[in-house]
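Coordinates from run_4.txt are shown below (compact mmCIF, C-alpha atoms).
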```
# COMPACT_ATOMS: atom_id res chain seq x y z
CA MET A 1 48.16 14.63 -21.17
CA LYS A 2 44.55 13.91 -22.10
CA LYS A 3 42.07 16.76 -22.21
CA MET A 4 39.42 16.88 -19.52
CA ASN A 5 35.98 15.69 -20.59
CA PRO A 6 33.91 18.81 -21.49
CA LEU A 7 31.02 17.78 -19.25
CA VAL A 8 33.37 17.19 -16.30
CA ARG A 9 34.87 20.64 -16.85
CA GLN A 10 31.42 22.23 -17.04
CA ILE A 11 30.33 20.49 -13.83
CA MET A 12 33.43 21.64 -11.96
CA VAL A 13 32.91 25.22 -13.14
CA ALA A 14 29.24 24.96 -12.11
CA MET A 15 30.27 23.84 -8.61
CA VAL A 16 32.64 26.79 -8.18
CA LEU A 17 30.01 29.24 -9.46
CA GLY A 18 27.43 27.64 -7.20
CA VAL A 19 29.61 28.23 -4.13
CA ALA A 20 30.29 31.85 -5.13
CA VAL A 21 26.67 32.70 -5.95
CA GLY A 22 25.39 30.85 -2.87
CA TRP A 23 27.82 32.71 -0.61
CA ALA A 24 26.77 36.05 -2.11
CA CYS A 25 23.07 35.25 -1.69
CA HIS A 26 23.59 34.10 1.90
CA ALA A 27 25.41 37.35 2.71
CA TRP A 28 22.76 39.44 0.96
CA ALA A 29 19.76 37.73 2.60
CA ALA A 30 18.30 39.66 5.53
CA ASP A 31 17.70 36.58 7.69
CA ALA A 32 17.46 32.78 7.58
CA ALA A 33 13.89 32.87 6.25
CA ALA A 34 14.94 35.13 3.36
CA ALA A 35 17.91 32.86 2.56
CA LYS A 36 15.61 29.86 2.52
CA ASP A 37 13.23 31.66 0.19
CA ILE A 38 16.07 32.49 -2.22
CA ALA A 39 17.32 28.90 -2.08
CA ARG A 40 13.85 27.71 -3.04
CA TYR A 41 14.27 29.32 -6.48
CA PHE A 42 17.60 27.55 -7.02
CA GLY A 43 15.84 24.37 -5.96
CA ILE A 44 13.54 24.60 -8.96
CA ALA A 45 16.40 23.89 -11.39
CA THR A 46 17.76 21.10 -9.19
CA ASP A 47 14.33 19.47 -8.89
CA ILE A 48 13.81 19.59 -12.64
CA PHE A 49 17.18 17.93 -13.27
CA LEU A 50 16.56 15.21 -10.66
CA ARG A 51 13.06 14.61 -12.04
CA MET A 52 14.49 14.10 -15.52
CA ILE A 53 17.00 11.62 -14.05
CA LYS A 54 14.25 9.73 -12.22
CA MET A 55 12.27 9.74 -15.46
CA ILE A 56 14.90 7.59 -17.17
CA VAL A 57 16.25 5.41 -14.31
CA ALA A 58 13.41 2.86 -14.14
CA PRO A 59 13.13 2.08 -17.88
CA LEU A 60 16.94 2.11 -18.18
CA VAL A 61 17.35 -0.44 -15.34
CA PHE A 62 14.56 -2.61 -16.79
CA ALA A 63 15.81 -2.56 -20.38
CA THR A 64 19.51 -3.13 -19.63
CA LEU A 65 18.86 -5.84 -17.04
CA VAL A 66 16.37 -7.77 -19.18
CA ALA A 67 18.70 -7.59 -22.17
CA GLY A 68 21.62 -8.74 -20.02
CA VAL A 69 19.81 -11.69 -18.37
CA ALA A 70 18.27 -12.79 -21.66
CA SER A 71 21.71 -12.79 -23.27
CA MET A 72 23.17 -14.80 -20.35
CA GLY A 73 20.53 -17.47 -20.71
CA ASP A 74 21.96 -19.17 -17.61
CA VAL A 75 20.38 -19.08 -14.16
CA LYS A 76 23.57 -20.48 -12.63
CA MET A 77 25.61 -17.60 -14.01
CA VAL A 78 23.21 -15.04 -12.52
CA GLY A 79 23.42 -16.82 -9.15
CA ARG A 80 27.20 -16.92 -9.32
CA VAL A 81 27.50 -13.24 -10.19
CA GLY A 82 25.00 -12.31 -7.49
CA THR A 83 26.88 -14.32 -4.86
CA LYS A 84 30.20 -12.70 -5.76
CA ALA A 85 28.65 -9.24 -5.74
CA LEU A 86 26.94 -9.69 -2.37
CA THR A 87 30.13 -11.13 -0.86
CA TRP A 88 31.98 -8.01 -1.98
CA PHE A 89 29.20 -5.76 -0.67
CA VAL A 90 29.20 -7.30 2.81
CA THR A 91 33.01 -7.20 3.00
CA ALA A 92 33.08 -3.57 1.86
CA SER A 93 30.43 -2.66 4.45
CA LEU A 94 32.48 -4.23 7.25
CA VAL A 95 35.63 -2.42 6.09
CA SER A 96 33.75 0.90 5.90
CA LEU A 97 32.32 0.48 9.39
CA GLY A 98 35.72 -0.56 10.74
CA LEU A 99 37.47 2.47 9.27
CA GLY A 100 34.71 4.72 10.55
CA LEU A 101 35.02 3.25 14.04
CA VAL A 102 38.79 3.76 14.12
CA SER A 103 38.60 7.30 12.70
CA VAL A 104 35.86 8.57 15.03
CA ASN A 105 37.62 7.17 18.11
CA LEU A 106 40.96 8.70 17.10
CA LEU A 107 39.57 12.12 16.16
CA GLN A 108 36.91 12.38 18.91
CA PRO A 109 34.75 14.93 17.01
CA GLY A 110 32.03 14.89 19.69
CA ALA A 111 34.31 15.44 22.66
CA GLY A 112 34.40 18.98 24.04
CA LEU A 113 31.75 20.16 21.57
CA ALA A 114 31.31 23.91 21.87
CA LEU A 115 27.59 23.74 21.17
CA PRO A 116 24.54 23.55 23.46
CA LEU A 117 23.29 19.97 23.71
CA PRO A 118 19.62 19.33 22.90
CA ASP A 119 17.33 17.84 25.52
CA ALA A 120 17.73 14.07 25.47
CA GLY A 121 13.99 13.66 25.02
CA SER A 122 13.72 15.97 22.01
CA SER A 123 12.25 14.51 18.83
CA THR A 124 14.21 14.46 15.58
CA GLY A 125 11.09 14.11 13.44
CA LEU A 126 12.64 11.18 11.58
CA LYS A 127 10.23 8.39 10.65
CA THR A 128 12.10 5.43 12.11
CA SER A 129 8.99 3.29 11.65
CA ALA A 130 9.91 3.26 7.95
CA LEU A 131 12.79 0.96 8.89
CA ASN A 132 11.16 -2.45 9.17
CA LEU A 133 13.02 -5.59 8.08
CA ALA A 134 9.87 -7.69 7.61
CA ASP A 135 8.27 -5.05 5.40
CA PHE A 136 11.50 -4.62 3.47
CA ILE A 137 11.74 -8.34 2.65
CA THR A 138 8.17 -8.56 1.40
CA GLN A 139 8.35 -5.29 -0.51
CA VAL A 140 11.35 -6.48 -2.51
CA PHE A 141 8.76 -8.39 -4.56
CA PRO A 142 6.48 -6.03 -6.51
CA THR A 143 2.70 -6.37 -6.69
CA SER A 144 2.72 -4.18 -9.79
CA ILE A 145 5.64 -3.44 -12.09
CA ALA A 146 3.91 -0.20 -13.11
CA GLN A 147 3.83 0.91 -9.47
CA ALA A 148 7.46 -0.13 -8.97
CA MET A 149 8.54 1.90 -11.99
CA ALA A 150 6.46 4.88 -10.94
CA GLY A 151 8.19 4.87 -7.56
CA ASN A 152 11.67 4.05 -8.94
CA ALA A 153 11.81 1.03 -6.60
CA ILE A 154 15.11 -0.32 -7.92
CA LEU A 155 15.02 -3.67 -6.07
CA GLN A 156 11.46 -4.38 -7.21
CA ILE A 157 12.36 -3.51 -10.79
CA LEU A 158 15.42 -5.73 -10.50
CA VAL A 159 13.33 -8.73 -9.32
CA PHE A 160 10.75 -8.30 -12.09
CA SER A 161 13.45 -7.81 -14.72
CA LEU A 162 15.23 -11.00 -13.62
CA PHE A 163 12.05 -13.05 -14.00
CA PHE A 164 11.25 -11.37 -17.31
CA GLY A 165 14.75 -12.00 -18.63
CA PHE A 166 14.71 -15.64 -17.49
CA ALA A 167 11.35 -16.13 -19.23
CA ILE A 168 12.77 -14.79 -22.50
CA ALA A 169 15.84 -17.02 -22.19
CA ALA A 170 13.70 -20.09 -21.46
CA LEU A 171 11.58 -19.75 -24.61
CA PRO A 172 12.66 -20.63 -28.18
CA ARG A 173 14.54 -17.80 -29.86
CA ASP A 174 11.97 -17.43 -32.68
CA ALA A 175 9.16 -17.03 -30.12
CA THR A 176 10.86 -14.07 -28.45
CA ALA A 177 12.62 -12.45 -31.41
CA THR A 178 10.30 -9.41 -31.48
CA THR A 179 10.50 -8.80 -27.72
CA THR A 180 14.27 -9.27 -27.67
CA ARG A 181 14.71 -6.82 -30.53
CA PHE A 182 12.40 -4.34 -28.79
CA VAL A 183 14.37 -4.56 -25.53
CA ASP A 184 17.70 -4.14 -27.36
CA GLU A 185 16.35 -1.11 -29.21
CA LEU A 186 14.93 0.28 -25.94
CA VAL A 187 18.41 0.08 -24.40
CA SER A 188 19.88 2.13 -27.26
CA ILE A 189 17.05 4.67 -27.01
CA MET A 190 17.42 5.03 -23.22
CA LEU A 191 21.18 5.51 -23.50
CA LYS A 192 20.66 8.25 -26.10
CA LEU A 193 18.00 9.82 -23.88
CA THR A 194 20.52 9.71 -21.03
CA ASP A 195 22.96 11.73 -23.14
CA PHE A 196 20.25 14.36 -23.72
CA VAL A 197 19.39 14.61 -20.01
CA MET A 198 23.03 14.82 -18.93
CA LYS A 199 23.46 18.01 -20.95
CA PHE A 200 21.44 19.68 -18.17
CA ALA A 201 23.77 18.34 -15.44
CA PRO A 202 25.87 21.55 -15.04
CA VAL A 203 22.70 23.61 -14.47
CA GLY A 204 21.40 21.12 -11.89
CA VAL A 205 24.79 21.00 -10.15
CA PHE A 206 25.08 24.80 -10.01
CA ALA A 207 21.59 25.15 -8.54
CA ALA A 208 22.12 22.37 -5.98
CA ILE A 209 25.36 23.87 -4.64
CA ALA A 210 24.02 27.42 -4.67
CA SER A 211 20.90 26.33 -2.77
CA VAL A 212 22.89 24.61 -0.01
CA ILE A 213 25.36 27.49 0.46
CA THR A 214 22.57 30.10 0.36
CA THR A 215 20.74 28.33 3.18
CA GLN A 216 23.68 27.19 5.31
CA GLY A 217 26.40 29.70 4.48
CA LEU A 218 30.07 28.86 4.74
CA GLY A 219 30.23 29.69 8.44
CA VAL A 220 28.62 26.38 9.38
CA LEU A 221 31.71 24.62 7.99
CA TRP A 222 33.81 26.37 10.65
CA THR A 223 31.38 25.64 13.47
CA TYR A 224 31.29 21.93 12.66
CA GLY A 225 34.79 21.87 11.19
CA LYS A 226 36.07 19.07 13.44
CA PHE A 227 33.18 16.74 12.65
CA ILE A 228 33.01 17.52 8.92
CA GLY A 229 36.81 17.42 8.55
CA GLY A 230 37.03 14.13 10.44
CA PHE A 231 34.25 12.58 8.38
CA TYR A 232 35.83 13.58 5.08
CA ALA A 233 39.23 12.37 6.31
CA GLY A 234 37.59 9.02 7.02
CA LEU A 235 36.05 9.01 3.53
CA ALA A 236 39.46 9.80 2.02
CA LEU A 237 40.95 6.82 3.87
CA LEU A 238 38.10 4.63 2.62
CA TRP A 239 38.66 5.82 -0.96
CA LEU A 240 42.35 5.00 -0.60
CA VAL A 241 41.55 1.45 0.54
CA MET A 242 39.05 0.93 -2.29
CA VAL A 243 41.51 2.23 -4.89
CA LEU A 244 44.32 0.03 -3.52
CA VAL A 245 42.12 -3.07 -3.63
CA GLY A 246 40.90 -2.13 -7.10
CA THR A 247 44.50 -1.68 -8.24
CA LEU A 248 45.45 -5.13 -6.91
CA VAL A 249 42.56 -6.79 -8.77
CA LEU A 250 42.34 -4.72 -11.95
CA GLY A 251 45.91 -3.48 -12.29
CA PRO A 252 47.24 0.09 -11.97
CA THR A 253 46.60 1.12 -15.58
CA ALA A 254 43.02 -0.14 -15.58
CA MET A 255 42.32 1.39 -12.16
CA LYS A 256 43.57 4.78 -13.31
CA GLN A 257 41.37 4.52 -16.39
CA LEU A 258 38.33 3.54 -14.28
CA LEU A 259 38.79 6.48 -11.92
CA ARG A 260 39.04 8.87 -14.87
CA LEU A 261 35.78 7.52 -16.31
CA LEU A 262 33.98 7.62 -12.96
CA ARG A 263 34.95 11.24 -12.35
CA GLU A 264 31.83 12.52 -14.09
CA PRO A 265 29.17 10.45 -12.25
CA VAL A 266 30.98 11.00 -8.92
CA LEU A 267 30.92 14.78 -9.38
CA ILE A 268 27.21 14.64 -10.25
CA ALA A 269 26.48 12.49 -7.19
CA PHE A 270 28.52 14.76 -4.90
CA SER A 271 26.94 18.01 -6.03
CA THR A 272 23.33 16.77 -6.07
CA ALA A 273 23.66 14.37 -3.09
CA SER A 274 21.69 11.86 -5.16
CA SER A 275 22.93 8.43 -6.23
CA GLU A 276 20.08 8.20 -8.73
CA SER A 277 21.40 11.20 -10.62
CA ALA A 278 24.66 9.34 -11.27
CA TYR A 279 23.19 5.96 -12.27
CA PRO A 280 22.69 6.48 -16.03
CA LYS A 281 26.18 7.93 -16.50
CA MET A 282 27.68 5.21 -14.28
CA LEU A 283 26.24 2.51 -16.51
CA GLU A 284 27.54 4.22 -19.63
CA GLN A 285 31.03 4.81 -18.22
CA LEU A 286 31.39 1.23 -16.96
CA GLU A 287 30.61 0.01 -20.47
CA ARG A 288 33.23 2.38 -21.83
CA PHE A 289 35.67 0.92 -19.37
CA GLY A 290 34.99 -2.57 -20.69
CA VAL A 291 32.40 -4.09 -18.34
CA ARG A 292 29.84 -6.03 -20.33
CA ARG A 293 26.35 -4.63 -20.09
CA ARG A 294 24.98 -7.94 -18.80
CA ILE A 295 27.20 -7.62 -15.71
CA ALA A 296 26.92 -3.85 -15.17
CA SER A 297 23.12 -3.83 -15.50
CA PHE A 298 22.83 -6.56 -12.84
CA VAL A 299 25.51 -5.66 -10.28
CA LEU A 300 24.97 -1.88 -10.31
CA PRO A 301 21.27 -1.88 -9.28
CA LEU A 302 22.08 -4.50 -6.65
CA GLY A 303 24.87 -2.30 -5.33
CA TYR A 304 22.54 0.69 -5.07
CA SER A 305 20.64 -1.17 -2.35
CA PHE A 306 23.35 -3.24 -0.68
CA ASN A 307 26.70 -1.51 -1.30
CA LEU A 308 26.55 1.76 0.63
CA ASP A 309 30.17 2.30 1.67
CA GLY A 310 29.83 6.03 2.33
CA SER A 311 26.62 5.53 4.29
CA MET A 312 28.31 2.89 6.44
CA MET A 313 31.11 5.30 7.26
CA TYR A 314 28.59 8.04 8.09
CA GLN A 315 26.56 5.80 10.40
CA ALA A 316 29.68 4.85 12.36
CA PHE A 317 30.65 8.51 12.70
CA ALA A 318 27.16 9.72 13.63
CA ALA A 319 26.45 7.04 16.22
CA ILE A 320 29.77 7.34 18.10
CA PHE A 321 29.64 11.16 17.76
CA VAL A 322 26.36 11.22 19.71
CA ALA A 323 27.90 9.10 22.48
CA GLN A 324 30.92 11.41 22.66
CA ALA A 325 28.80 14.58 22.65
CA PHE A 326 26.72 13.38 25.62
CA GLY A 327 29.76 11.98 27.45
CA ILE A 328 28.46 8.40 27.35
CA GLU A 329 31.22 5.82 27.66
CA MET A 330 30.90 2.82 25.36
CA SER A 331 33.20 -0.18 25.41
CA LEU A 332 34.79 -1.29 22.16
CA THR A 333 32.67 -4.45 22.21
CA THR A 334 29.47 -2.40 22.53
CA GLN A 335 30.56 -0.08 19.72
CA ILE A 336 31.31 -3.02 17.41
CA THR A 337 27.96 -4.63 18.25
CA MET A 338 26.12 -1.39 17.52
CA LEU A 339 27.87 -0.97 14.17
CA LEU A 340 27.00 -4.55 13.17
CA VAL A 341 23.35 -3.81 13.98
CA LEU A 342 23.62 -0.65 11.87
CA MET A 343 25.03 -2.66 8.97
CA VAL A 344 22.21 -5.22 9.04
CA SER A 345 19.57 -2.51 9.47
CA SER A 346 20.92 -0.45 6.58
CA LYS A 347 20.25 -3.22 4.06
CA GLY A 348 16.59 -2.26 4.16
CA ILE A 349 16.90 1.48 3.69
CA ALA A 350 16.51 1.76 -0.09
CA GLY A 351 13.85 4.35 -0.83
CA VAL A 352 13.60 5.64 2.77
CA PRO A 353 13.94 9.47 2.93
CA ARG A 354 17.18 10.57 4.70
CA ALA A 355 17.91 6.87 4.98
CA SER A 356 21.24 6.98 6.84
CA LEU A 357 19.86 9.30 9.52
CA VAL A 358 16.76 7.12 9.89
CA VAL A 359 18.87 4.00 10.47
CA VAL A 360 21.03 5.70 13.10
CA ALA A 361 17.96 7.20 14.80
CA ALA A 362 16.34 3.77 15.00
CA VAL A 363 19.42 2.02 16.42
CA LEU A 364 20.67 4.61 18.96
CA PRO A 365 17.96 3.92 21.61
CA MET A 366 18.83 0.20 21.55
CA PHE A 367 22.18 1.11 23.08
CA GLY A 368 20.99 3.77 25.51
CA LEU A 369 21.97 6.71 23.32
CA PRO A 370 19.60 9.69 22.86
CA GLU A 371 18.13 9.98 19.38
CA ALA A 372 18.03 13.74 20.01
CA GLY A 373 21.81 13.81 19.57
CA LEU A 374 21.25 13.70 15.82
CA LEU A 375 19.76 17.20 16.05
CA LEU A 376 23.36 18.39 16.42
CA ILE A 377 24.26 17.26 12.90
CA MET A 378 20.96 17.37 11.01
CA GLY A 379 21.64 20.97 10.04
CA ILE A 380 24.84 20.00 8.22
CA ASP A 381 23.54 16.69 6.89
CA GLN A 382 23.47 18.01 3.31
CA PHE A 383 27.26 18.57 3.37
CA LEU A 384 27.76 15.08 4.80
CA ASP A 385 25.28 13.54 2.35
CA MET A 386 27.29 14.88 -0.58
CA GLY A 387 30.40 13.02 0.56
CA ARG A 388 28.71 9.76 1.45
CA THR A 389 26.73 9.71 -1.82
CA ALA A 390 29.88 10.24 -3.91
CA THR A 391 31.56 7.44 -1.93
CA ASN A 392 28.61 5.11 -2.54
CA VAL A 393 28.94 5.77 -6.27
CA ILE A 394 32.71 5.21 -6.48
CA GLY A 395 32.33 2.07 -4.36
CA ASN A 396 29.69 0.66 -6.71
CA GLY A 397 31.78 1.49 -9.77
CA ILE A 398 34.84 -0.33 -8.41
CA ALA A 399 32.72 -3.25 -7.18
CA THR A 400 31.08 -3.73 -10.59
CA ALA A 401 34.43 -3.64 -12.40
CA ILE A 402 35.93 -6.17 -9.98
CA VAL A 403 32.98 -8.59 -10.25
CA ALA A 404 33.27 -8.35 -14.04
CA LYS A 405 36.98 -9.13 -13.75
CA TRP A 406 36.29 -12.15 -11.54
CA GLU A 407 33.72 -13.39 -14.05
CA GLY A 408 35.99 -12.79 -17.04
CA GLN A 409 33.25 -10.53 -18.43
CA GLU A 410 35.47 -7.96 -20.11
CA SER A 411 34.16 -6.59 -23.38
CA THR A 412 35.83 -7.65 -26.59
CA ALA A 413 35.65 -5.83 -29.90
CA GLU A 414 32.92 -8.22 -31.01
CA ASP A 415 30.89 -7.57 -27.85
CA GLU A 416 31.24 -3.84 -28.26
CA ALA A 417 29.82 -4.03 -31.76
CA GLY A 418 26.76 -6.01 -30.70
CA GLU A 419 26.22 -5.09 -27.10
CA ALA A 420 27.37 -1.54 -26.31
CA PRO A 421 26.63 0.57 -29.37
CA GLN A 422 27.99 3.85 -28.01
CA ALA A 423 31.14 2.75 -26.24
CA ALA A 424 34.25 4.74 -27.01
CA PRO A 425 36.59 2.49 -29.01
CA ALA A 426 39.76 3.83 -27.37
CA VAL A 427 38.49 2.94 -23.90
CA GLY A 428 35.76 0.33 -24.16
CA THR A 429 37.95 -2.26 -25.88
CA GLN A 430 40.62 -2.10 -23.19
CA PRO A 431 40.85 -5.29 -21.10
CA LEU A 432 40.21 -4.97 -17.38
CA ALA A 433 43.33 -6.87 -16.43
CA GLY A 434 46.38 -4.81 -15.57
```
Translate this file's structure into structure tokens.
Amino acid sequence: MKKMNPLVRQIMVAMVLGVAVGWACHAWAADAAAAKDIARYFGIATDIFLRMIKMIVAPLVFATLVAGVASMGDVKMVGRVGTKALTWFVTASLVSLGLGLVSVNLLQPGAGLALPLPDAGSSTGLKTSALNLADFITQVFPTSIAQAMAGNAILQILVFSLFFGFAIAALPRDATATTTRFVDELVSIMLKLTDFVMKFAPVGVFAAIASVITTQGLGVLWTYGKFIGGFYAGLALLWLVMVLVGTLVLGPTAMKQLLRLLREPVLIAFSTASSESAYPKMLEQLERFGVRRRIASFVLPLGYSFNLDGSMMYQAFAAIFVAQAFGIEMSLTTQITMLLVLMVSSKGIAGVPRASLVVVAAVLPMFGLPEAGLLLIMGIDQFLDMGRTATNVIGNGIATAIVAKWEGQESTAEDEAGEAPQAAPAVGTQPLAG
């Protein structure tokens, strides 16, 4: 039996300690205001860790994507990979919504809710105006790459990097030798910098968990047990489906290996409720698995905006939960229509604060449901966000590996030597096929 990765072990210990310390602080705090004040100090460590992650995400996405596109040198290949990735993303979104719809109707978490209902006209305070399809489409294209990098606008960085990579590929090799070498060296530097930053992950994880438990306490899990338990049961079912599909495409041995490698970024994403925090490690682990950098650096950023499996599941649960809580009957056809609207709307949520809640809040009134119903679950959203973020990460990891398999873009020993300088030989040279 292989030993557990030291960082994974440290993160798991940090999560347990975070729960214990958070519970103690919550019990010790005189009131909710005092608990919130204590949590603020834990938040300092979490914010520092997340800031360090955000510091490296933009240059890492730029460098790896430019290097990958330049090495492809083929616009048709990029289009083909993008089409396969988006087809997977849309299919996965539909499956996630479908499973969420079935689960929430079977479990009925909103029925007979032993909580006072908010006034239907109450405001949630969510900025639903941020959800605008026209603005989203135009803002995919950056006016300034410096501004896009400063704001970690992944889609804008992706668009610029594609054009930059195509420009390098279109010019004679001797005219771009210096730039190509610089980008390749930048990739190596950013990956090494990622290793440095990830050493702080256990501290960030501990602080994030401790902060949440200090503020919320463990009692809230009992109060909302039916909703939280139902949601996580739905996520477990979704994970099972994703793993089964991944096993069919990649093979059982490769799928087991992929899950082992993704354990670390998934734990980071779960504990911090931030997909960004897992991105650098995701890229590194996918390369170790055998996905060529040119594929991983293109599909992964795309997935961060369009492949939100956990968020899809959450939106299905939240929307139908509100209807159940207020005793509003909805036909199956109406429910399906609403979920399809949610799916389309969610494709423009990258960069929107509390994105999943914003999308649901914007869509509920279209179907005669009170937006105020979300006030019932906003207090526990952090616990739900942890699960949906981890699911988004595992979904993107499996999707990237499958697209690489479809493209025949498994790493060979020669590729590993020239393309992924820090891949682990025992894992990175394994073929993806089972």
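Summary of the local environment: counting all atoms listed in the file, residues at most 9 Å from segment 225-232 of chain A, other than itself and those fewer than 2 positions away along its chain, are Gly100, Ser103, Val104, Leu107, Gln108, Pro109, Gly110, Val220, Leu221, Trp222, Thr223, Gly234, Leu235, Ala236, Leu237, Met313, Tyr314, Phe317, Phe321, Ile377, Ile380, Phe383, Leu384, Gly387 and Arg388 of chain A.
Atom CA of Gly303 of chain A to atom CA of Asn396 of chain A spans 5.8 Å [interatomic distance, one decimal].
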In terms of all atoms listed in the file, the residue from A:Val57, A:Thr87, A:Ile394, A:Leu374 at minimal distance from Met255 of chain A is A:Ile394
If we count all atoms listed in the file and set the cut-off at 12 Å, which residues sit around Leu17 of chain A, ignoring sequence neighbours fewer than 3 positions away in its own chain? Please answer as a PyMOL selection string. chain A and resi 10-14+20-24+202-203+205-211+213
Could you state the separation of atom CA of Ala399 of chain A and atom CA of Asn307 of chain A in Å, given to one decimal place?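 Atom CA of Ala399 of chain A sits 8.6 Å away from atom CA of Asn307 of chain A.
Nearest residue to Trp88 of chain A, choosing from A:Val245, A:Glu287, A:Ile53, A:Ser271 and counting only C-alpha atoms: A:Val245.
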Which residues come within 12 Å of Thr64 of chain A, counting all atoms listed in the file, excluding same-chain residues fewer than 5 positions away, as a PDB file with C-alpha atoms, in the frame of the given file?
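As written to disk, selection28.pdb reads:
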```pdb
ATOM      1  CA  ILE A  56      14.900   7.590 -17.170  1.00  0.00           C
ATOM      2  CA  VAL A  57      16.250   5.410 -14.310  1.00  0.00           C
ATOM      3  CA  ALA A  58      13.410   2.860 -14.140  1.00  0.00           C
ATOM      4  CA  PRO A  59      13.130   2.080 -17.880  1.00  0.00           C
ATOM      5  CA  VAL A  69      19.810 -11.690 -18.370  1.00  0.00           C
ATOM      6  CA  ALA A  70      18.270 -12.790 -21.660  1.00  0.00           C
ATOM      7  CA  SER A  71      21.710 -12.790 -23.270  1.00  0.00           C
ATOM      8  CA  ILE A 157      12.360  -3.510 -10.790  1.00  0.00           C
ATOM      9  CA  LEU A 158      15.420  -5.730 -10.500  1.00  0.00           C
ATOM     10  CA  SER A 161      13.450  -7.810 -14.720  1.00  0.00           C
ATOM     11  CA  LEU A 162      15.230 -11.000 -13.620  1.00  0.00           C
ATOM     12  CA  PHE A 164      11.250 -11.370 -17.310  1.00  0.00           C
ATOM     13  CA  GLY A 165      14.750 -12.000 -18.630  1.00  0.00           C
ATOM     14  CA  THR A 180      14.270  -9.270 -27.670  1.00  0.00           C
ATOM     15  CA  PHE A 182      12.400  -4.340 -28.790  1.00  0.00           C
ATOM     16  CA  VAL A 183      14.370  -4.560 -25.530  1.00  0.00           C
ATOM     17  CA  ASP A 184      17.700  -4.140 -27.360  1.00  0.00           C
ATOM     18  CA  GLU A 185      16.350  -1.110 -29.210  1.00  0.00           C
ATOM     19  CA  LEU A 186      14.930   0.280 -25.940  1.00  0.00           C
ATOM     20  CA  VAL A 187      18.410   0.080 -24.400  1.00  0.00           C
ATOM     21  CA  SER A 188      19.880   2.130 -27.260  1.00  0.00           C
ATOM     22  CA  ILE A 189      17.050   4.670 -27.010  1.00  0.00           C
ATOM     23  CA  MET A 190      17.420   5.030 -23.220  1.00  0.00           C
ATOM     24  CA  LEU A 191      21.180   5.510 -23.500  1.00  0.00           C
ATOM     25  CA  PRO A 280      22.690   6.480 -16.030  1.00  0.00           C
ATOM     26  CA  LEU A 283      26.240   2.510 -16.510  1.00  0.00           C
ATOM     27  CA  GLU A 284      27.540   4.220 -19.630  1.00  0.00           C
ATOM     28  CA  GLU A 287      30.610   0.010 -20.470  1.00  0.00           C
ATOM     29  CA  ARG A 292      29.840  -6.030 -20.330  1.00  0.00           C
ATOM     30  CA  ARG A 293      26.350  -4.630 -20.090  1.00  0.00           C
ATOM     31  CA  ARG A 294      24.980  -7.940 -18.800  1.00  0.00           C
ATOM     32  CA  ILE A 295      27.200  -7.620 -15.710  1.00  0.00           C
ATOM     33  CA  ALA A 296      26.920  -3.850 -15.170  1.00  0.00           C
ATOM     34  CA  SER A 297      23.120  -3.830 -15.500  1.00  0.00           C
ATOM     35  CA  PHE A 298      22.830  -6.560 -12.840  1.00  0.00           C
ATOM     36  CA  VAL A 299      25.510  -5.660 -10.280  1.00  0.00           C
ATOM     37  CA  LEU A 300      24.970  -1.880 -10.310  1.00  0.00           C
ATOM     38  CA  PRO A 301      21.270  -1.880  -9.280  1.00  0.00           C
ATOM     39  CA  GLU A 419      26.220  -5.090 -27.100  1.00  0.00           C
ATOM     40  CA  ALA A 420      27.370  -1.540 -26.310  1.00  0.00           C
TER      41      ALA A 420
END
```
Mind pulling up the distance from atom CA of Asn392 of chain A to atom CA of Leu238 of chain A? 10.8 Å
